[in-house]
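Student: This structure is in structure tokens; I'll ask about it shortly.
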Amino acid sequence: MYKSSYEMGYTPLEFKKALLGQFNSNTAYTITNIESVAGVESWSIEDQAESISIEVSIVVGPPRKIALLTLPVLNTDFTFKQITEAQQKEFMRTFFKYFHKGGG
């Protein structure tokens with residue numbers, strides 16, 4: 001089992017829209033909501049054909065303030081339960097493709 005954590009500039013609603021919207025409908029992953037506990041929301045992400053099992057959890061962090069700008073912070077944890085290193089890299093590449101914000 002391997003874990004990875006990221007701070008993301010998303011609100012929980014934005015994250016859920018991206019995860020359950022474009023990411024879910026345009027990839028081979030099956031996403032199942034796991035019961036939320038103490039402010040932590042979690043999903044199980046699986047690909048039966050590739051024998052992949054990942055758990056993604058989010059917790060709202062304190063907002064990041066830059067001068068007059070306030071940005072949301074979402075602490076996002078990935079627990080890779082059943083996955084090879086190559087599959088993990090491919091999953092994260094795909095995940096960030098759908099969660100990329102901004103231009104450039």
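By order of appearance in the structure tokens: chains A, B, ..., then residues from 1 within every chain, and ligands from 1 in the order shown.
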DSSP on the backbone, then: every residue of chain A marked strand (DSSP E), written as a ChimeraX atom specification.

Tutor: /A:2-8,30-37,40-47,52-66,69-82

Student: Contacts of A:Val60 at 7 Å or less, counting only C-alpha atoms, minus same-chain residues fewer than 5 places along, as an MDAnalysis selection string?

Tutor: chainID A and resid 73:75

Student: Store the residues picked out above in a file with N, CA and C atoms, as a PDB file, in the first residue's frame.

Tutor:
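Saved file out-v9.pdb follows:
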ATOM      1  N   VAL A  73      -8.355  25.625  -0.112  1.00  0.00           N
ATOM      2  CA  VAL A  73      -7.358  24.562  -0.006  1.00  0.00           C
ATOM      3  C   VAL A  73      -8.089  23.276   0.348  1.00  0.00           C
ATOM      4  N   LEU A  74      -7.850  22.260  -0.433  1.00  0.00           N
ATOM      5  CA  LEU A  74      -8.443  20.952  -0.197  1.00  0.00           C
ATOM      6  C   LEU A  74      -7.304  19.949  -0.056  1.00  0.00           C
ATOM      7  N   ASN A  75      -7.155  19.383   1.127  1.00  0.00           N
ATOM      8  CA  ASN A  75      -6.130  18.374   1.359  1.00  0.00           C
ATOM      9  C   ASN A  75      -6.652  17.059   0.793  1.00  0.00           C
TER      10      ASN A  75
END

Student: Between A:Tyr98, A:Tyr6, A:Phe91, A:Phe78, which has the minimum distance to A:Leu20 (counting only C-alpha atoms)?

Tutor: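 Between A:Tyr98, A:Tyr6, A:Phe91, A:Phe78, the residue approaching A:Leu20 most closely is A:Tyr98.
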
Student: If you measure from atom CA of A:Thr11 to atom CA of A:Pro72, what distance in Å do you get, rounded to one decimal?

Tutor: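 So the two atoms, atom CA of A:Thr11 and atom CA of A:Pro72, lie 5.9 Å apart.
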
Student: Need to verify the contact set: A:Tyr2, 7 Å, only C-alpha atoms, exclusion of same-chain residues closer than 3 positions in sequence. Can you return it as a JSON list (two decimals) with N, CA and C atoms, in the first residue's frame?

Tutor:
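File around_19.json, as written:
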[["chain", "number", "residue", "atom", "x", "y", "z"],
["A", 79, "THR", "N", -4.75, 6.71, -1.37],
["A", 79, "THR", "CA", -4.23, 5.46, -0.83],
["A", 79, "THR", "C", -4.33, 4.44, -1.95],
["A", 80, "PHE", "N", -3.17, 4.02, -2.44],
["A", 80, "PHE", "CA", -3.10, 3.05, -3.53],
["A", 80, "PHE", "C", -3.05, 1.67, -2.91],
["A", 81, "LYS", "N", -4.16, 0.95, -2.98],
["A", 81, "LYS", "CA", -4.26, -0.34, -2.30],
["A", 81, "LYS", "C", -3.80, -1.50, -3.17]]

Student: Can you pull out the residues contacting A:Ile45? Cut-off 12 Å, using only C-alpha atoms, and skip same-chain residues under 6 positions away; I want them as a VMD selection string.

Tutor: chain A and resid 19 to 20 23 to 24 27 to 34 51 to 57 78 to 83 91 95

Student: Would you please give, as a short mmCIF file (atom, residue, chain, number, x, y, z; two decimals) with C-alpha atoms, in the first residue's frame, all residues of chain A that DSSP assigns to alpha helix (DSSP H) based on the backbone?

Tutor:
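Now in states05.cif:
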data_model
loop_
_atom_site.label_atom_id
_atom_site.label_comp_id
_atom_site.auth_asym_id
_atom_site.auth_seq_id
_atom_site.Cartn_x
_atom_site.Cartn_y
_atom_site.Cartn_z
CA PRO A 12 -15.35 20.22 -2.03
CA LEU A 13 -18.18 20.96 -4.49
CA GLU A 14 -15.73 21.74 -7.33
CA PHE A 15 -13.76 18.59 -6.56
CA LYS A 16 -16.88 16.39 -6.57
CA LYS A 17 -18.08 17.94 -9.85
CA ALA A 18 -14.75 17.17 -11.54
CA ASN A 24 -15.86 9.54 -14.15
CA SER A 25 -17.52 9.67 -17.58
CA ASN A 26 -14.32 9.83 -19.66
CA GLU A 85 4.01 1.70 -9.93
CA ALA A 86 3.34 2.10 -13.66
CA GLN A 87 -0.44 1.99 -13.09
CA GLN A 88 -0.09 4.55 -10.30
CA LYS A 89 1.82 6.96 -12.55
CA GLU A 90 -0.78 6.55 -15.30
CA PHE A 91 -3.64 7.10 -12.83
CA MET A 92 -2.08 10.31 -11.47
CA ARG A 93 -1.37 11.57 -15.01
CA THR A 94 -5.01 10.97 -15.93
CA PHE A 95 -6.30 12.42 -12.63
CA PHE A 96 -4.36 15.67 -12.99
CA LYS A 97 -5.39 15.95 -16.65
CA TYR A 98 -9.00 16.27 -15.50
CA PHE A 99 -8.22 18.38 -12.42
#

Student: With only C-alpha atoms as the atoms that count, which of A:Gln22, A:Ser44, A:Thr84, A:Ser5 lies nearest to A:Val59?

Tutor: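 Result for the nearest residue to A:Val59: A:Ser5.
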
Student: For A:Gly61, which of A:Ser42, A:Thr76, A:Gln48, A:Ser4 is the closest residue, counting only C-alpha atoms?

Tutor: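 The shortest atom-to-atom distance to A:Gly61 comes from A:Thr76.
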
Student: What's the separation between atom CA of A:Glu7 and atom CA of A:Asp47, in Å to one decimal place?

Tutor: 24.8 Å
